[in-house]
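So this block is coords_23.txt, compact mmCIF, N, CA, C and O atoms:
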# COMPACT_ATOMS: atom_id res chain seq x y z
N MET C 1 -76.57 25.47 -38.01
CA MET C 1 -77.89 25.41 -37.44
C MET C 1 -77.78 25.77 -35.97
O MET C 1 -76.97 25.18 -35.24
N ASP C 2 -78.61 26.73 -35.54
CA ASP C 2 -78.50 27.18 -34.16
C ASP C 2 -79.02 26.12 -33.19
O ASP C 2 -79.66 25.15 -33.57
N LEU C 3 -78.70 26.31 -31.93
CA LEU C 3 -79.00 25.32 -30.90
C LEU C 3 -80.50 25.11 -30.73
O LEU C 3 -80.96 23.98 -30.51
N GLU C 4 -81.27 26.18 -30.83
CA GLU C 4 -82.72 26.06 -30.68
C GLU C 4 -83.32 25.21 -31.79
O GLU C 4 -84.17 24.36 -31.54
N ASN C 5 -82.87 25.42 -33.01
CA ASN C 5 -83.38 24.62 -34.13
C ASN C 5 -82.94 23.16 -34.02
O ASN C 5 -83.68 22.25 -34.38
N GLN C 6 -81.74 22.93 -33.52
CA GLN C 6 -81.30 21.55 -33.30
C GLN C 6 -82.24 20.86 -32.31
O GLN C 6 -82.64 19.71 -32.52
N ASN C 7 -82.59 21.56 -31.25
CA ASN C 7 -83.52 20.99 -30.27
C ASN C 7 -84.87 20.70 -30.89
O ASN C 7 -85.47 19.65 -30.62
N ARG C 8 -85.36 21.62 -31.70
CA ARG C 8 -86.65 21.41 -32.36
C ARG C 8 -86.63 20.17 -33.25
O ARG C 8 -87.55 19.35 -33.23
N VAL C 9 -85.59 20.05 -34.05
CA VAL C 9 -85.48 18.90 -34.96
C VAL C 9 -85.39 17.61 -34.17
O VAL C 9 -86.08 16.62 -34.47
N LYS C 10 -84.57 17.60 -33.14
CA LYS C 10 -84.40 16.39 -32.33
C LYS C 10 -85.73 16.00 -31.67
O LYS C 10 -86.11 14.83 -31.68
N ASN C 11 -86.44 16.97 -31.11
CA ASN C 11 -87.72 16.69 -30.46
C ASN C 11 -88.76 16.17 -31.45
O ASN C 11 -89.52 15.25 -31.14
N MET C 12 -88.81 16.75 -32.65
CA MET C 12 -89.75 16.27 -33.66
C MET C 12 -89.41 14.86 -34.12
O MET C 12 -90.31 14.05 -34.34
N ALA C 13 -88.13 14.57 -34.25
CA ALA C 13 -87.73 13.22 -34.65
C ALA C 13 -88.13 12.20 -33.59
O ALA C 13 -88.58 11.10 -33.91
N GLU C 14 -87.99 12.58 -32.34
CA GLU C 14 -88.40 11.68 -31.25
C GLU C 14 -89.92 11.52 -31.21
O GLU C 14 -90.42 10.42 -30.98
N LYS C 15 -90.63 12.60 -31.43
CA LYS C 15 -92.09 12.57 -31.33
C LYS C 15 -92.75 11.89 -32.52
O LYS C 15 -93.67 11.09 -32.36
N TYR C 16 -92.29 12.21 -33.74
CA TYR C 16 -92.95 11.72 -34.95
C TYR C 16 -92.21 10.59 -35.67
O TYR C 16 -92.76 9.98 -36.57
N GLY C 17 -90.98 10.36 -35.30
CA GLY C 17 -90.16 9.36 -35.97
C GLY C 17 -89.36 10.00 -37.10
O GLY C 17 -89.93 10.71 -37.93
N ALA C 18 -88.08 9.75 -37.11
CA ALA C 18 -87.19 10.36 -38.12
C ALA C 18 -87.61 10.01 -39.53
O ALA C 18 -87.47 10.81 -40.46
N GLU C 19 -88.17 8.81 -39.72
CA GLU C 19 -88.60 8.38 -41.05
C GLU C 19 -89.77 9.20 -41.58
O GLU C 19 -90.05 9.17 -42.77
N ASN C 20 -90.43 9.95 -40.72
CA ASN C 20 -91.60 10.75 -41.10
C ASN C 20 -91.30 12.23 -41.29
O ASN C 20 -92.22 13.02 -41.49
N LEU C 21 -90.04 12.61 -41.22
CA LEU C 21 -89.67 14.02 -41.32
C LEU C 21 -88.87 14.31 -42.58
O LEU C 21 -88.11 13.46 -43.05
N ILE C 22 -89.04 15.51 -43.06
CA ILE C 22 -88.20 16.06 -44.14
C ILE C 22 -87.79 17.45 -43.68
O ILE C 22 -88.64 18.25 -43.25
N VAL C 23 -86.53 17.77 -43.76
CA VAL C 23 -86.03 19.08 -43.38
C VAL C 23 -85.81 19.90 -44.64
O VAL C 23 -85.17 19.44 -45.59
N LEU C 24 -86.37 21.10 -44.67
CA LEU C 24 -86.17 22.03 -45.78
C LEU C 24 -85.27 23.16 -45.33
O LEU C 24 -85.51 23.77 -44.29
N LEU C 25 -84.25 23.42 -46.12
CA LEU C 25 -83.30 24.48 -45.81
C LEU C 25 -83.41 25.60 -46.83
O LEU C 25 -83.82 25.37 -47.96
N GLY C 26 -82.98 26.78 -46.44
CA GLY C 26 -83.01 27.91 -47.35
C GLY C 26 -81.76 28.76 -47.27
O GLY C 26 -81.78 29.93 -47.64
N ALA C 27 -80.67 28.20 -46.80
CA ALA C 27 -79.42 28.94 -46.67
C ALA C 27 -78.96 29.50 -48.02
O ALA C 27 -79.16 28.87 -49.05
N ALA C 28 -78.34 30.66 -47.98
CA ALA C 28 -77.93 31.34 -49.20
C ALA C 28 -76.65 30.77 -49.81
O ALA C 28 -76.37 31.01 -50.98
N GLU C 29 -75.88 30.04 -49.04
CA GLU C 29 -74.62 29.49 -49.54
C GLU C 29 -74.61 27.98 -49.38
O GLU C 29 -75.13 27.44 -48.40
N ALA C 30 -73.97 27.32 -50.31
CA ALA C 30 -73.90 25.86 -50.29
C ALA C 30 -73.23 25.34 -49.03
O ALA C 30 -73.68 24.34 -48.45
N GLU C 31 -72.18 25.99 -48.59
CA GLU C 31 -71.46 25.54 -47.40
C GLU C 31 -72.35 25.59 -46.16
O GLU C 31 -72.36 24.66 -45.36
N ALA C 32 -73.11 26.66 -46.02
CA ALA C 32 -74.03 26.78 -44.88
C ALA C 32 -75.13 25.74 -44.95
O ALA C 32 -75.49 25.13 -43.94
N ALA C 33 -75.67 25.52 -46.14
CA ALA C 33 -76.70 24.50 -46.32
C ALA C 33 -76.14 23.12 -46.01
O ALA C 33 -76.79 22.29 -45.37
N GLY C 34 -74.92 22.86 -46.46
CA GLY C 34 -74.28 21.58 -46.21
C GLY C 34 -74.04 21.33 -44.74
O GLY C 34 -74.24 20.21 -44.24
N LEU C 35 -73.64 22.35 -44.01
CA LEU C 35 -73.41 22.23 -42.58
C LEU C 35 -74.72 21.90 -41.85
O LEU C 35 -74.76 21.01 -41.00
N ALA C 36 -75.79 22.59 -42.23
CA ALA C 36 -77.10 22.31 -41.62
C ALA C 36 -77.58 20.91 -42.00
O ALA C 36 -78.12 20.18 -41.16
N ALA C 37 -77.36 20.52 -43.25
CA ALA C 37 -77.76 19.18 -43.70
C ALA C 37 -76.98 18.11 -42.95
O ALA C 37 -77.55 17.10 -42.52
N GLU C 38 -75.70 18.33 -42.77
CA GLU C 38 -74.89 17.36 -42.02
C GLU C 38 -75.38 17.26 -40.58
O GLU C 38 -75.42 16.17 -40.00
N THR C 39 -75.77 18.37 -40.01
CA THR C 39 -76.24 18.39 -38.63
C THR C 39 -77.47 17.51 -38.44
O THR C 39 -77.56 16.76 -37.47
N VAL C 40 -78.43 17.58 -39.37
CA VAL C 40 -79.68 16.81 -39.21
C VAL C 40 -79.58 15.39 -39.74
O VAL C 40 -80.49 14.60 -39.58
N THR C 41 -78.47 15.07 -40.37
CA THR C 41 -78.30 13.71 -40.87
C THR C 41 -77.27 12.94 -40.05
O THR C 41 -77.55 11.85 -39.56
N ASN C 42 -76.08 13.51 -39.90
CA ASN C 42 -74.97 12.80 -39.27
C ASN C 42 -74.64 13.29 -37.87
O ASN C 42 -73.86 12.67 -37.18
N GLY C 43 -75.21 14.41 -37.45
CA GLY C 43 -74.91 14.98 -36.14
C GLY C 43 -74.17 16.29 -36.30
O GLY C 43 -73.57 16.58 -37.32
N ASP C 44 -74.22 17.09 -35.27
CA ASP C 44 -73.62 18.44 -35.29
C ASP C 44 -72.10 18.36 -35.40
O ASP C 44 -71.44 17.95 -34.44
N PRO C 45 -71.54 18.76 -36.54
CA PRO C 45 -70.09 18.67 -36.71
C PRO C 45 -69.31 19.71 -35.89
O PRO C 45 -68.10 19.60 -35.76
N THR C 46 -70.03 20.70 -35.33
CA THR C 46 -69.35 21.71 -34.50
C THR C 46 -69.30 21.29 -33.04
O THR C 46 -68.69 21.98 -32.23
N TYR C 47 -69.95 20.18 -32.71
CA TYR C 47 -69.98 19.65 -31.34
C TYR C 47 -70.51 20.67 -30.34
O TYR C 47 -70.06 20.72 -29.19
N ALA C 48 -71.50 21.48 -30.75
CA ALA C 48 -72.02 22.52 -29.88
C ALA C 48 -73.47 22.30 -29.47
O ALA C 48 -73.91 22.87 -28.49
N GLY C 49 -74.20 21.51 -30.22
CA GLY C 49 -75.63 21.42 -29.96
C GLY C 49 -76.11 20.05 -29.54
O GLY C 49 -75.34 19.10 -29.39
N SER C 50 -77.42 19.96 -29.40
CA SER C 50 -78.03 18.73 -28.92
C SER C 50 -77.95 17.59 -29.94
O SER C 50 -78.22 16.44 -29.60
N LEU C 51 -77.59 17.89 -31.18
CA LEU C 51 -77.44 16.84 -32.18
C LEU C 51 -76.00 16.35 -32.32
O LEU C 51 -75.68 15.57 -33.20
N THR C 52 -75.13 16.77 -31.41
CA THR C 52 -73.76 16.27 -31.41
C THR C 52 -73.78 14.76 -31.21
O THR C 52 -74.35 14.25 -30.24
N GLY C 53 -73.22 14.04 -32.16
CA GLY C 53 -73.17 12.59 -32.08
C GLY C 53 -74.49 11.88 -32.33
O GLY C 53 -74.59 10.68 -32.18
N VAL C 54 -75.52 12.63 -32.72
CA VAL C 54 -76.85 12.05 -32.97
C VAL C 54 -77.05 11.93 -34.47
O VAL C 54 -77.18 12.93 -35.17
N GLN C 55 -77.06 10.73 -34.97
CA GLN C 55 -77.20 10.48 -36.41
C GLN C 55 -78.66 10.20 -36.74
O GLN C 55 -79.09 9.05 -36.78
N LEU C 56 -79.42 11.27 -37.00
CA LEU C 56 -80.84 11.11 -37.30
C LEU C 56 -81.09 10.59 -38.70
O LEU C 56 -82.10 9.95 -38.96
N GLY C 57 -80.20 10.87 -39.63
CA GLY C 57 -80.35 10.39 -41.00
C GLY C 57 -81.54 10.96 -41.73
O GLY C 57 -82.07 10.35 -42.66
N LEU C 58 -82.00 12.14 -41.33
CA LEU C 58 -83.21 12.73 -41.90
C LEU C 58 -83.06 13.05 -43.38
O LEU C 58 -81.96 13.36 -43.86
N ARG C 59 -84.18 13.00 -44.09
CA ARG C 59 -84.18 13.49 -45.47
C ARG C 59 -84.11 15.00 -45.40
O ARG C 59 -84.81 15.63 -44.61
N VAL C 60 -83.25 15.58 -46.22
CA VAL C 60 -83.03 17.01 -46.17
C VAL C 60 -82.88 17.55 -47.59
O VAL C 60 -82.21 16.95 -48.43
N TYR C 61 -83.55 18.66 -47.84
CA TYR C 61 -83.53 19.30 -49.16
C TYR C 61 -83.40 20.80 -48.98
O TYR C 61 -83.81 21.36 -47.97
N HIS C 62 -82.87 21.43 -50.00
CA HIS C 62 -82.85 22.89 -50.07
C HIS C 62 -84.03 23.32 -50.94
O HIS C 62 -84.41 22.60 -51.87
N VAL C 63 -84.59 24.48 -50.65
CA VAL C 63 -85.78 24.92 -51.38
C VAL C 63 -85.55 25.18 -52.86
O VAL C 63 -86.51 25.25 -53.62
N VAL C 64 -84.29 25.28 -53.29
CA VAL C 64 -84.04 25.49 -54.73
C VAL C 64 -83.82 24.18 -55.48
O VAL C 64 -83.64 24.19 -56.69
N GLU C 65 -83.87 23.05 -54.77
CA GLU C 65 -83.68 21.76 -55.44
C GLU C 65 -84.93 21.36 -56.22
O GLU C 65 -86.05 21.65 -55.82
N PRO C 66 -84.71 20.69 -57.34
CA PRO C 66 -85.84 20.29 -58.19
C PRO C 66 -86.90 19.46 -57.46
O PRO C 66 -88.10 19.62 -57.73
N GLU C 67 -86.49 18.60 -56.54
CA GLU C 67 -87.44 17.76 -55.82
C GLU C 67 -88.47 18.60 -55.07
O GLU C 67 -89.65 18.25 -55.01
N PHE C 68 -88.00 19.68 -54.46
CA PHE C 68 -88.93 20.57 -53.75
C PHE C 68 -89.70 21.45 -54.72
O PHE C 68 -90.92 21.59 -54.60
N LYS C 69 -88.98 22.01 -55.68
CA LYS C 69 -89.60 22.92 -56.63
C LYS C 69 -90.77 22.26 -57.36
O LYS C 69 -91.81 22.87 -57.57
N GLU C 70 -90.62 20.99 -57.73
CA GLU C 70 -91.67 20.27 -58.44
C GLU C 70 -92.85 19.91 -57.54
O GLU C 70 -93.94 19.63 -58.03
N ALA C 71 -92.65 19.93 -56.23
CA ALA C 71 -93.69 19.52 -55.29
C ALA C 71 -94.61 20.66 -54.86
O ALA C 71 -95.60 20.42 -54.18
N VAL C 72 -94.28 21.89 -55.22
CA VAL C 72 -95.10 23.03 -54.80
C VAL C 72 -95.68 23.76 -56.00
O VAL C 72 -95.18 23.64 -57.12
N ASP C 73 -96.73 24.50 -55.75
CA ASP C 73 -97.37 25.30 -56.80
C ASP C 73 -96.36 26.27 -57.40
O ASP C 73 -95.68 27.01 -56.67
N SER C 74 -96.25 26.29 -58.70
CA SER C 74 -95.22 27.11 -59.37
C SER C 74 -95.40 28.60 -59.12
O SER C 74 -94.41 29.32 -58.99
N ALA C 75 -96.64 29.07 -59.02
CA ALA C 75 -96.87 30.49 -58.76
C ALA C 75 -96.39 30.87 -57.36
O ALA C 75 -95.77 31.92 -57.16
N VAL C 76 -96.66 30.01 -56.41
CA VAL C 76 -96.21 30.26 -55.03
C VAL C 76 -94.68 30.21 -54.97
O VAL C 76 -94.05 31.05 -54.35
N TYR C 77 -94.10 29.23 -55.64
CA TYR C 77 -92.65 29.11 -55.66
C TYR C 77 -92.02 30.38 -56.25
O TYR C 77 -91.10 30.94 -55.66
N ASP C 78 -92.53 30.80 -57.39
CA ASP C 78 -91.97 31.99 -58.04
C ASP C 78 -92.10 33.22 -57.15
O ASP C 78 -91.17 34.03 -57.05
N GLU C 79 -93.23 33.35 -56.49
CA GLU C 79 -93.47 34.51 -55.62
C GLU C 79 -92.56 34.49 -54.40
O GLU C 79 -92.03 35.53 -54.00
N GLN C 80 -92.37 33.34 -53.80
CA GLN C 80 -91.64 33.25 -52.54
C GLN C 80 -90.14 32.98 -52.69
O GLN C 80 -89.36 33.40 -51.85
N ILE C 81 -89.75 32.28 -53.74
CA ILE C 81 -88.36 31.82 -53.85
C ILE C 81 -87.70 32.24 -55.16
O ILE C 81 -86.48 32.30 -55.25
N GLY C 82 -88.49 32.57 -56.16
CA GLY C 82 -87.97 32.85 -57.49
C GLY C 82 -86.83 33.86 -57.52
O GLY C 82 -85.81 33.65 -58.19
N MET C 83 -86.98 34.97 -56.82
CA MET C 83 -85.93 36.00 -56.81
C MET C 83 -84.64 35.47 -56.17
O MET C 83 -83.55 35.71 -56.65
N MET C 84 -84.80 34.73 -55.08
CA MET C 84 -83.65 34.17 -54.39
C MET C 84 -82.91 33.19 -55.30
O MET C 84 -81.68 33.18 -55.36
N GLU C 85 -83.68 32.39 -56.02
CA GLU C 85 -83.10 31.39 -56.89
C GLU C 85 -82.21 32.03 -57.97
O GLU C 85 -81.21 31.45 -58.37
N MET C 86 -82.56 33.23 -58.38
CA MET C 86 -81.79 33.90 -59.45
C MET C 86 -80.42 34.37 -58.99
O MET C 86 -79.52 34.54 -59.81
N VAL C 87 -80.24 34.58 -57.70
CA VAL C 87 -78.96 35.12 -57.22
C VAL C 87 -78.09 34.08 -56.51
O VAL C 87 -76.94 34.36 -56.19
N LEU C 88 -78.63 32.89 -56.28
CA LEU C 88 -77.86 31.84 -55.62
C LEU C 88 -77.13 30.97 -56.62
O LEU C 88 -77.52 30.86 -57.77
N ASP C 89 -76.09 30.31 -56.16
CA ASP C 89 -75.40 29.32 -56.98
C ASP C 89 -76.13 28.00 -56.79
O ASP C 89 -75.75 27.15 -55.97
N VAL C 90 -77.22 27.84 -57.54
CA VAL C 90 -78.11 26.70 -57.38
C VAL C 90 -77.39 25.38 -57.63
O VAL C 90 -77.57 24.42 -56.88
N ASP C 91 -76.55 25.32 -58.64
CA ASP C 91 -75.84 24.08 -58.94
C ASP C 91 -74.93 23.66 -57.79
O ASP C 91 -74.85 22.48 -57.45
N GLU C 92 -74.26 24.62 -57.18
CA GLU C 92 -73.38 24.31 -56.04
C GLU C 92 -74.20 23.83 -54.84
O GLU C 92 -73.81 22.88 -54.16
N ILE C 93 -75.34 24.46 -54.61
CA ILE C 93 -76.21 24.04 -53.51
C ILE C 93 -76.73 22.63 -53.75
O ILE C 93 -76.71 21.78 -52.84
N ILE C 94 -77.18 22.35 -54.96
CA ILE C 94 -77.69 21.02 -55.28
C ILE C 94 -76.61 19.96 -55.09
O ILE C 94 -76.85 18.90 -54.53
N ALA C 95 -75.40 20.26 -55.55
CA ALA C 95 -74.29 19.31 -55.39
C ALA C 95 -73.99 19.04 -53.93
O ALA C 95 -73.80 17.89 -53.52
N GLU C 96 -73.99 20.08 -53.12
CA GLU C 96 -73.70 19.93 -51.69
C GLU C 96 -74.80 19.12 -51.00
O GLU C 96 -74.51 18.21 -50.22
N MET C 97 -76.04 19.43 -51.30
CA MET C 97 -77.15 18.72 -50.67
C MET C 97 -77.19 17.25 -51.11
O MET C 97 -77.42 16.36 -50.29
N SER C 98 -76.95 17.01 -52.38
CA SER C 98 -76.92 15.63 -52.89
C SER C 98 -75.83 14.83 -52.19
O SER C 98 -76.04 13.67 -51.81
N SER C 99 -74.69 15.44 -52.00
CA SER C 99 -73.58 14.78 -51.33
C SER C 99 -73.94 14.41 -49.89
O SER C 99 -73.66 13.29 -49.44
N MET C 100 -74.57 15.32 -49.19
CA MET C 100 -74.97 15.05 -47.81
C MET C 100 -75.98 13.90 -47.74
O MET C 100 -75.87 13.01 -46.90
N ARG C 101 -76.96 13.92 -48.64
CA ARG C 101 -77.96 12.85 -48.65
C ARG C 101 -77.33 11.49 -48.97
O ARG C 101 -77.64 10.50 -48.33
N GLU C 102 -76.43 11.48 -49.95
CA GLU C 102 -75.78 10.22 -50.33
C GLU C 102 -74.95 9.65 -49.19
O GLU C 102 -74.91 8.44 -48.98
N GLN C 103 -74.30 10.51 -48.45
CA GLN C 103 -73.43 10.07 -47.36
C GLN C 103 -74.19 9.66 -46.10
O GLN C 103 -73.82 8.68 -45.45
N TYR C 104 -75.23 10.43 -45.74
CA TYR C 104 -75.76 10.31 -44.40
C TYR C 104 -77.24 9.99 -44.26
O TYR C 104 -77.67 9.62 -43.16
N CYS C 105 -78.04 10.18 -45.27
CA CYS C 105 -79.49 9.95 -45.12
C CYS C 105 -79.80 8.46 -44.97
O CYS C 105 -79.22 7.63 -45.65
N LYS C 106 -80.73 8.17 -44.10
CA LYS C 106 -81.16 6.80 -43.86
C LYS C 106 -82.51 6.50 -44.49
O LYS C 106 -82.91 5.35 -44.57
N TYR C 107 -83.24 7.55 -44.86
CA TYR C 107 -84.63 7.36 -45.31
C TYR C 107 -84.83 7.85 -46.73
O TYR C 107 -84.22 8.71 -47.21
Representation of the structure as structure tokens:
Amino acid sequence: MDLENQNRVKNMAEKYGAENLIVLLGAAEAEAAGLAAETVTNGDPTYAGSLTGVQLGLRVYHVVEPEFKEAVDSAVYDEQIGMMEMVLDVDEIIAEMSSMREQYCKY
């Protein structure tokens, strides 16, 4: 997660309360999604951004996870994400995101 996005997430958590936020990710690889998820839950593991050492514990999901997919209109999902879902390793992404939530989410 780039430094600008880390700042945005941190500012929103301060303004609205971490318990009121959900972060949606769309990274193409499980490892990248996991790194971003760890950043918004446990703090920046690269020690480069404003979330270094900041454990926000935010709820975080990838757009291909069932929890998100079931929450949006199926036609919109298919139009916007359907093609991407066909080429990604969805099971690997789900496993990585679930692991991050189990370890670090507070909400």
| field | Who sits within 6 Å of Thr41 (chain C), only C-alpha atoms, same chain under 2 positions skipped, as a PyMOL selection string | value | chain C and resi 38-39+43+55-58+104-105
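Using only C-alpha atoms, the smallest distance between any of C:Gly53, C:Ile22, C:Glu96, C:Pro45 and Phe68 (chain C) comes from C:Ile22.
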| said: I want to know what sits within 8 Å of Gly34 (chain C), based on only N, CA, C and O atoms, with residues of the same chain fewer than 2 positions away left out; could you give that as a list in words? | reply: Ala27, Glu29, Ala30, Glu31, Ala32, Ala36, Ala37, Glu38, Thr39, Val40, Thr41, Gly43, Glu92, Ile93, Glu96, Met97 and Met100 of chain C
| task | Take CA of Tyr61 (chain C) and CA of Gln80 (chain C) and report the distance between them in Å, one decimal. | result | 16.5 Å
Contacts of region 38-75 of chain C with region 82-90 of chain C up to 9 Å, shortest pair per row, only C-alpha atoms, as a Markdown table:
| residue | atom | partner | partner_atom | distance |
| --- | --- | --- | --- | --- |
| C:Val63 | CA | C:Glu85 | CA | 8.9 |
| C:Val64 | CA | C:Glu85 | CA | 6.4 |
| C:Glu65 | CA | C:Val90 | CA | 7.7 |
| request: Measure the distance from atom O of Arg101 (chain C) to atom N of Glu67 (chain C) in Å and round it to one decimal. | output: 14.5 Å
| Got a sec to tell me which of chain C DSSP assigns to helix (DSSP H, G or I), as JSON, numbers by chain? | {"C": [3, 4, 5, 6, 7, 8, 9, 10, 11, 12, 13, 14, 15, 16, 18, 19, 20, 30, 31, 32, 33, 34, 35, 36, 37, 38, 39, 40, 41, 66, 67, 68, 69, 74, 75, 76, 77, 78, 79, 80, 81, 82, 83, 84, 85, 86, 87, 90, 91, 92, 93, 94, 95, 96, 97, 98, 99, 100, 101, 102, 103, 104]}
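You can rank C:His62, C:Thr52, C:Lys69, C:Asp44 by their closest distance to Gly26 (chain C) using only N, CA, C and O atoms, and at the top of that list sits C:His62.
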Please provide as a compact mmCIF listing (two decimals) with N, CA, C and O atoms, in the frame of the given file all residues within 6 Å of region 3-17 of chain C, with the sequence filter that same-chain residues fewer than 3 positions apart are discarded (counting all atoms listed in the file).
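Saved file around_10.txt follows:
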# COMPACT_ATOMS: atom_id res chain seq x y z
N ASN C 20 -90.43 9.95 -40.72
CA ASN C 20 -91.60 10.75 -41.10
C ASN C 20 -91.30 12.23 -41.29
O ASN C 20 -92.22 13.02 -41.49
N LEU C 21 -90.04 12.61 -41.22
CA LEU C 21 -89.67 14.02 -41.32
C LEU C 21 -88.87 14.31 -42.58
O LEU C 21 -88.11 13.46 -43.05
N GLY C 49 -74.20 21.51 -30.22
CA GLY C 49 -75.63 21.42 -29.96
C GLY C 49 -76.11 20.05 -29.54
O GLY C 49 -75.34 19.10 -29.39
N SER C 50 -77.42 19.96 -29.40
CA SER C 50 -78.03 18.73 -28.92
C SER C 50 -77.95 17.59 -29.94
O SER C 50 -78.22 16.44 -29.60
N LEU C 51 -77.59 17.89 -31.18
CA LEU C 51 -77.44 16.84 -32.18
C LEU C 51 -76.00 16.35 -32.32
O LEU C 51 -75.68 15.57 -33.20
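Here atom O of Ala18 (chain C) is placed at a distance of 27.1 Å from atom O of Ser74 (chain C).
Inside chain C, the residues DSSP reads as strand (DSSP E) when given the backbone are Ile22, Val23, Leu24, Leu25, Arg59, Val60, Tyr61 and His62 of chain C.
Closest to Asp2 (chain C) among C:Val76, C:Ala95, C:Val23, C:Ala48 is C:Ala48, based on all atoms listed in the file.
Candidate residues C:Met1, C:Glu102, C:Ile94, C:Tyr107 were compared for distance to Pro66 (chain C), and the nearest is C:Ile94, using only N, CA, C and O atoms.
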Enclose all atoms of region 8-18 of chain C listed in the file in an axis-aligned box, grow every side by 4 Å, and hand back centre and edge lengths in Å to one decimal, as JSON.
{"center_x": -89.0, "center_y": 15.5, "center_z": -35.5, "size_x": 17.3, "size_y": 20.3, "size_z": 18.0}
| query | For Val54 (chain C), which residue out of C:Asp73, C:Asn42, C:Ile81, C:Ala33 is the nearest one, using all atoms listed in the file? | reply | C:Asn42
